[in-house]
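**Q** Encoded as structure tokens, here's the structure I'll be asking about.
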Amino acid sequence: GIEVVETSAFSSCNSIEKVYIKDLINWCNIKFESQLANPLANVATLYLNNVCINNLTLPDSIKSVKDYTFAGCHGINSLIIPKNVETIGFGAFYNCKNLQKVKIGNNTKIIKDAAFCNCPSLAFIYLPPSITNIEGNALQTCFENLVVKCKETEYLKQWATENNIKISSSKIDQFINLINDHKDLCF
């Protein structure tokens, strides 16, 4: 039933290693007012019904990933954001140090600032052609080893050029099929 967690609720809780929840939809609906409002902030691992979340697929009912929802979550290795999500919030996956692969659903339009910032393991991301805005530091500290897969749109071409990112659009359908057919290999 928690709706809001205020700004510094977990600011001095450096020893939190595990966070247990029973409902992912309820977790996604909490408004965390800052990174330190989230108990995951100090690189904790999230457990859903006592099972560690390594490969996170967000529920289809989620319309947006709110600010700081998974910031600092240490356990996430791969992420699938469903097609119903239109916005990925500020710092939503900030400091998810083990996050390696992300597939963003086909209706996502906006990736807010710092959404995937400081995710040094991020190696692959699929951006749908629906993207119309990737804010400034949305993927900061990820560019060096990041492979961006997408169908080129004018916006994504411009974004890639401005950020000196090489995007790969060749064989994109084969890439998506590989992801869908072999989640154990890619996601």
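Just so we're on the same page: first chain in the structure tokens is A, next is B, and so on; residues restart at 1 for each chain, and ligands are numbered from 1 in the order they show up.
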Show me, as JSON, numbers by chain, the residues that have an atom within 7 Å of stretch 113-124 of chain A when counting only C-alpha atoms, minus same-chain residues fewer than 6 positions from it.
**A** {"A": [88, 89, 90, 91, 92, 93, 94, 95, 96, 97, 98, 99, 100, 101, 102, 135, 136, 137, 138, 139, 140, 141, 142, 145, 146, 147, 148]}
**Q** Write out as a PyMOL selection string all residues of stretch 62-169 of chain A that DSSP puts in strand (DSSP E or B) for this structure's backbone.
**A** chain A and resi 64-65+78-81+87-88+101-104+110-111+124-127+133-134+147-150+167-168
**Q** Go ahead and dump the residues you just picked, N, CA, C and O atoms, as a tab-separated table (two decimals), in the first residue's frame.
**A**
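What landed in again-v3.tsv:
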```tsv
chain	number	residue	atom	x	y	z
A	64	SER	N	4.38	3.32	-17.33
A	64	SER	CA	5.65	4.06	-17.28
A	64	SER	C	6.50	3.46	-16.17
A	64	SER	O	5.97	2.92	-15.20
A	65	VAL	N	7.81	3.55	-16.35
A	65	VAL	CA	8.73	3.16	-15.29
A	65	VAL	C	9.04	4.46	-14.56
A	65	VAL	O	9.63	5.37	-15.13
A	78	SER	N	19.38	-8.67	-17.00
A	78	SER	CA	18.70	-8.36	-18.25
A	78	SER	C	17.33	-7.78	-17.93
A	78	SER	O	16.76	-8.01	-16.86
A	79	LEU	N	16.83	-7.01	-18.89
A	79	LEU	CA	15.60	-6.25	-18.67
A	79	LEU	C	14.78	-6.24	-19.95
A	79	LEU	O	15.30	-5.96	-21.02
A	80	ILE	N	13.49	-6.55	-19.81
A	80	ILE	CA	12.55	-6.39	-20.92
A	80	ILE	C	11.46	-5.43	-20.45
A	80	ILE	O	10.79	-5.68	-19.45
A	81	ILE	N	11.34	-4.33	-21.18
A	81	ILE	CA	10.32	-3.33	-20.89
A	81	ILE	C	9.19	-3.55	-21.89
A	81	ILE	O	9.43	-3.52	-23.09
A	87	THR	N	7.15	5.82	-21.10
A	87	THR	CA	8.23	6.64	-20.55
A	87	THR	C	9.04	5.83	-19.55
A	87	THR	O	8.49	5.13	-18.71
A	88	ILE	N	10.36	5.98	-19.65
A	88	ILE	CA	11.27	5.41	-18.66
A	88	ILE	C	11.78	6.59	-17.85
A	88	ILE	O	12.42	7.50	-18.39
A	101	LYS	N	21.83	-6.35	-20.65
A	101	LYS	CA	21.01	-6.34	-21.87
A	101	LYS	C	19.64	-5.75	-21.58
A	101	LYS	O	19.02	-6.08	-20.58
A	102	VAL	N	19.18	-4.90	-22.52
A	102	VAL	CA	17.89	-4.25	-22.36
A	102	VAL	C	17.14	-4.29	-23.68
A	102	VAL	O	17.69	-3.95	-24.73
A	103	LYS	N	15.89	-4.70	-23.62
A	103	LYS	CA	14.99	-4.61	-24.77
A	103	LYS	C	13.84	-3.71	-24.36
A	103	LYS	O	13.12	-4.01	-23.40
A	104	ILE	N	13.68	-2.61	-25.08
A	104	ILE	CA	12.63	-1.64	-24.78
A	104	ILE	C	11.47	-1.84	-25.75
A	104	ILE	O	11.67	-1.96	-26.95
A	110	ILE	N	9.93	8.10	-24.57
A	110	ILE	CA	10.87	8.95	-23.84
A	110	ILE	C	11.71	8.13	-22.88
A	110	ILE	O	11.19	7.32	-22.11
A	111	ILE	N	13.02	8.35	-22.92
A	111	ILE	CA	13.94	7.82	-21.92
A	111	ILE	C	14.51	9.04	-21.22
A	111	ILE	O	15.26	9.81	-21.81
A	124	PHE	N	24.26	-4.35	-24.55
A	124	PHE	CA	23.29	-4.36	-25.65
A	124	PHE	C	22.01	-3.67	-25.22
A	124	PHE	O	21.50	-3.91	-24.13
A	125	ILE	N	21.49	-2.83	-26.12
A	125	ILE	CA	20.18	-2.22	-25.88
A	125	ILE	C	19.45	-2.15	-27.21
A	125	ILE	O	20.04	-1.80	-28.24
A	126	TYR	N	18.18	-2.54	-27.18
A	126	TYR	CA	17.33	-2.39	-28.34
A	126	TYR	C	16.44	-1.19	-28.12
A	126	TYR	O	15.70	-1.12	-27.13
A	127	LEU	N	16.51	-0.22	-29.04
A	127	LEU	CA	15.68	0.97	-28.99
A	127	LEU	C	14.62	0.87	-30.08
A	127	LEU	O	14.97	0.70	-31.25
A	133	ASN	N	12.58	10.90	-27.76
A	133	ASN	CA	13.41	11.73	-26.91
A	133	ASN	C	14.24	10.86	-25.97
A	133	ASN	O	13.68	10.11	-25.17
A	134	ILE	N	15.55	10.96	-26.08
A	134	ILE	CA	16.47	10.36	-25.12
A	134	ILE	C	17.19	11.53	-24.46
A	134	ILE	O	17.98	12.22	-25.10
A	147	VAL	N	26.37	-1.68	-27.56
A	147	VAL	CA	25.87	-1.94	-28.91
A	147	VAL	C	24.40	-1.55	-28.91
A	147	VAL	O	23.60	-2.10	-28.14
A	148	VAL	N	24.06	-0.58	-29.73
A	148	VAL	CA	22.68	-0.10	-29.84
A	148	VAL	C	22.07	-0.71	-31.09
A	148	VAL	O	22.57	-0.50	-32.19
A	149	LYS	N	21.02	-1.48	-30.89
A	149	LYS	CA	20.30	-2.07	-32.01
A	149	LYS	C	19.00	-1.31	-32.18
A	149	LYS	O	18.26	-1.09	-31.22
A	150	CYS	N	18.72	-0.89	-33.39
A	150	CYS	CA	17.47	-0.19	-33.66
A	150	CYS	C	17.23	-0.08	-35.15
A	150	CYS	O	18.15	-0.23	-35.95
A	167	ILE	N	25.19	2.92	-34.24
A	167	ILE	CA	24.01	2.08	-34.09
A	167	ILE	C	24.02	1.01	-35.17
A	167	ILE	O	24.55	1.21	-36.25
A	168	SER	N	23.47	-0.10	-34.81
A	168	SER	CA	23.42	-1.23	-35.72
A	168	SER	C	21.97	-1.49	-36.09
A	168	SER	O	21.16	-1.81	-35.23
```
**Q** Which of these residues is nearest to A:Asn106, using only C-alpha atoms: A:Asp67, A:Glu6, A:Glu86, A:Asp23?
**A**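 Selected residue with least distance to A:Asn106: A:Glu86.
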**Q** Near A:Cys13, within 10 Å and counting only C-alpha atoms, which residues show up once chain neighbours fewer than 3 positions away are dropped, as number ranges by chain?
**A** A: 8-10, 16-17, 36, 39-42
**Q** Any chance you could export the current selection's N, CA, C and O atoms as a PDB file, in the first residue's frame?
**A**
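Heads up, here's the output in result_0.pdb:
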```pdb
ATOM      1  N   SER A   8      15.007  11.212   1.436  1.00  0.00           N
ATOM      2  CA  SER A   8      16.195  10.574   2.013  1.00  0.00           C
ATOM      3  C   SER A   8      15.851   9.418   2.948  1.00  0.00           C
ATOM      4  O   SER A   8      16.596   9.125   3.884  1.00  0.00           O
ATOM      5  N   ALA A   9      14.784   8.756   2.685  1.00  0.00           N
ATOM      6  CA  ALA A   9      14.303   7.702   3.585  1.00  0.00           C
ATOM      7  C   ALA A   9      15.354   6.628   3.867  1.00  0.00           C
ATOM      8  O   ALA A   9      15.412   6.095   4.965  1.00  0.00           O
ATOM      9  N   PHE A  10      16.206   6.306   2.906  1.00  0.00           N
ATOM     10  CA  PHE A  10      17.207   5.256   3.090  1.00  0.00           C
ATOM     11  C   PHE A  10      18.633   5.787   2.911  1.00  0.00           C
ATOM     12  O   PHE A  10      19.546   5.037   2.595  1.00  0.00           O
ATOM     13  N   ILE A  16      22.044  -2.346   3.584  1.00  0.00           N
ATOM     14  CA  ILE A  16      20.930  -3.106   3.007  1.00  0.00           C
ATOM     15  C   ILE A  16      21.466  -3.879   1.806  1.00  0.00           C
ATOM     16  O   ILE A  16      22.004  -3.296   0.870  1.00  0.00           O
ATOM     17  N   GLU A  17      21.325  -5.190   1.839  1.00  0.00           N
ATOM     18  CA  GLU A  17      21.804  -6.031   0.743  1.00  0.00           C
ATOM     19  C   GLU A  17      20.664  -6.669  -0.033  1.00  0.00           C
ATOM     20  O   GLU A  17      20.828  -7.017  -1.199  1.00  0.00           O
ATOM     21  N   LEU A  36      17.902   8.043  -3.012  1.00  0.00           N
ATOM     22  CA  LEU A  36      18.044   7.597  -1.626  1.00  0.00           C
ATOM     23  C   LEU A  36      16.707   7.338  -0.939  1.00  0.00           C
ATOM     24  O   LEU A  36      16.664   6.936   0.216  1.00  0.00           O
ATOM     25  N   PRO A  39      15.159   1.742  -1.202  1.00  0.00           N
ATOM     26  CA  PRO A  39      16.047   0.887  -0.409  1.00  0.00           C
ATOM     27  C   PRO A  39      17.071   0.130  -1.249  1.00  0.00           C
ATOM     28  O   PRO A  39      18.043  -0.397  -0.724  1.00  0.00           O
ATOM     29  N   LEU A  40      16.887   0.092  -2.569  1.00  0.00           N
ATOM     30  CA  LEU A  40      17.859  -0.544  -3.463  1.00  0.00           C
ATOM     31  C   LEU A  40      19.068   0.354  -3.733  1.00  0.00           C
ATOM     32  O   LEU A  40      20.059  -0.094  -4.290  1.00  0.00           O
ATOM     33  N   ALA A  41      18.989   1.602  -3.335  1.00  0.00           N
ATOM     34  CA  ALA A  41      19.959   2.626  -3.718  1.00  0.00           C
ATOM     35  C   ALA A  41      21.413   2.275  -3.427  1.00  0.00           C
ATOM     36  O   ALA A  41      22.309   2.710  -4.132  1.00  0.00           O
ATOM     37  N   ASN A  42      21.639   1.510  -2.413  1.00  0.00           N
ATOM     38  CA  ASN A  42      23.016   1.193  -2.041  1.00  0.00           C
ATOM     39  C   ASN A  42      23.454  -0.168  -2.588  1.00  0.00           C
ATOM     40  O   ASN A  42      24.150  -0.927  -1.941  1.00  0.00           O
TER      41      ASN A  42
END
```
**Q** Compare A:Val4, A:Ile165, A:Leu156, A:Val51 by their minimum atom-to-atom distance to A:Glu33, counting only C-alpha atoms, and give me the closest one.
**A**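 Between A:Val4, A:Ile165, A:Leu156, A:Val51, the residue approaching A:Glu33 most closely is A:Val4.
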**Q** For stretch 58-63 of chain A, work out the shell of residues within 6 Å, counting only C-alpha atoms and skipping chain neighbours fewer than 6 positions away, then give it as a list in words.
**A**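 My list of contacting residues is Ile81, Pro82, Asn84 and Val85 of chain A.
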**Q** In Å to one decimal, how far is atom CA of A:Thr132 from atom CA of A:Ile53?
**A**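 Distance reported for this atom pair: 29.7 Å.
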**Q** Using only C-alpha atoms, can you tell me which of A:Asn54, A:Gln35, A:Ser169, A:Thr45 comes closest to A:Ser15?
**A**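 Looking only at the distances to A:Ser15, the closest residue turns out to be A:Thr45.
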**Q** Please give the complete set of residues from chain A that DSSP, run on the backbone, assigns to helix (DSSP H, G or I), formatted as a VMD selection string.
**A** chain A and resid 24 to 28 35 to 37 154 to 162 172 to 181 183 to 186
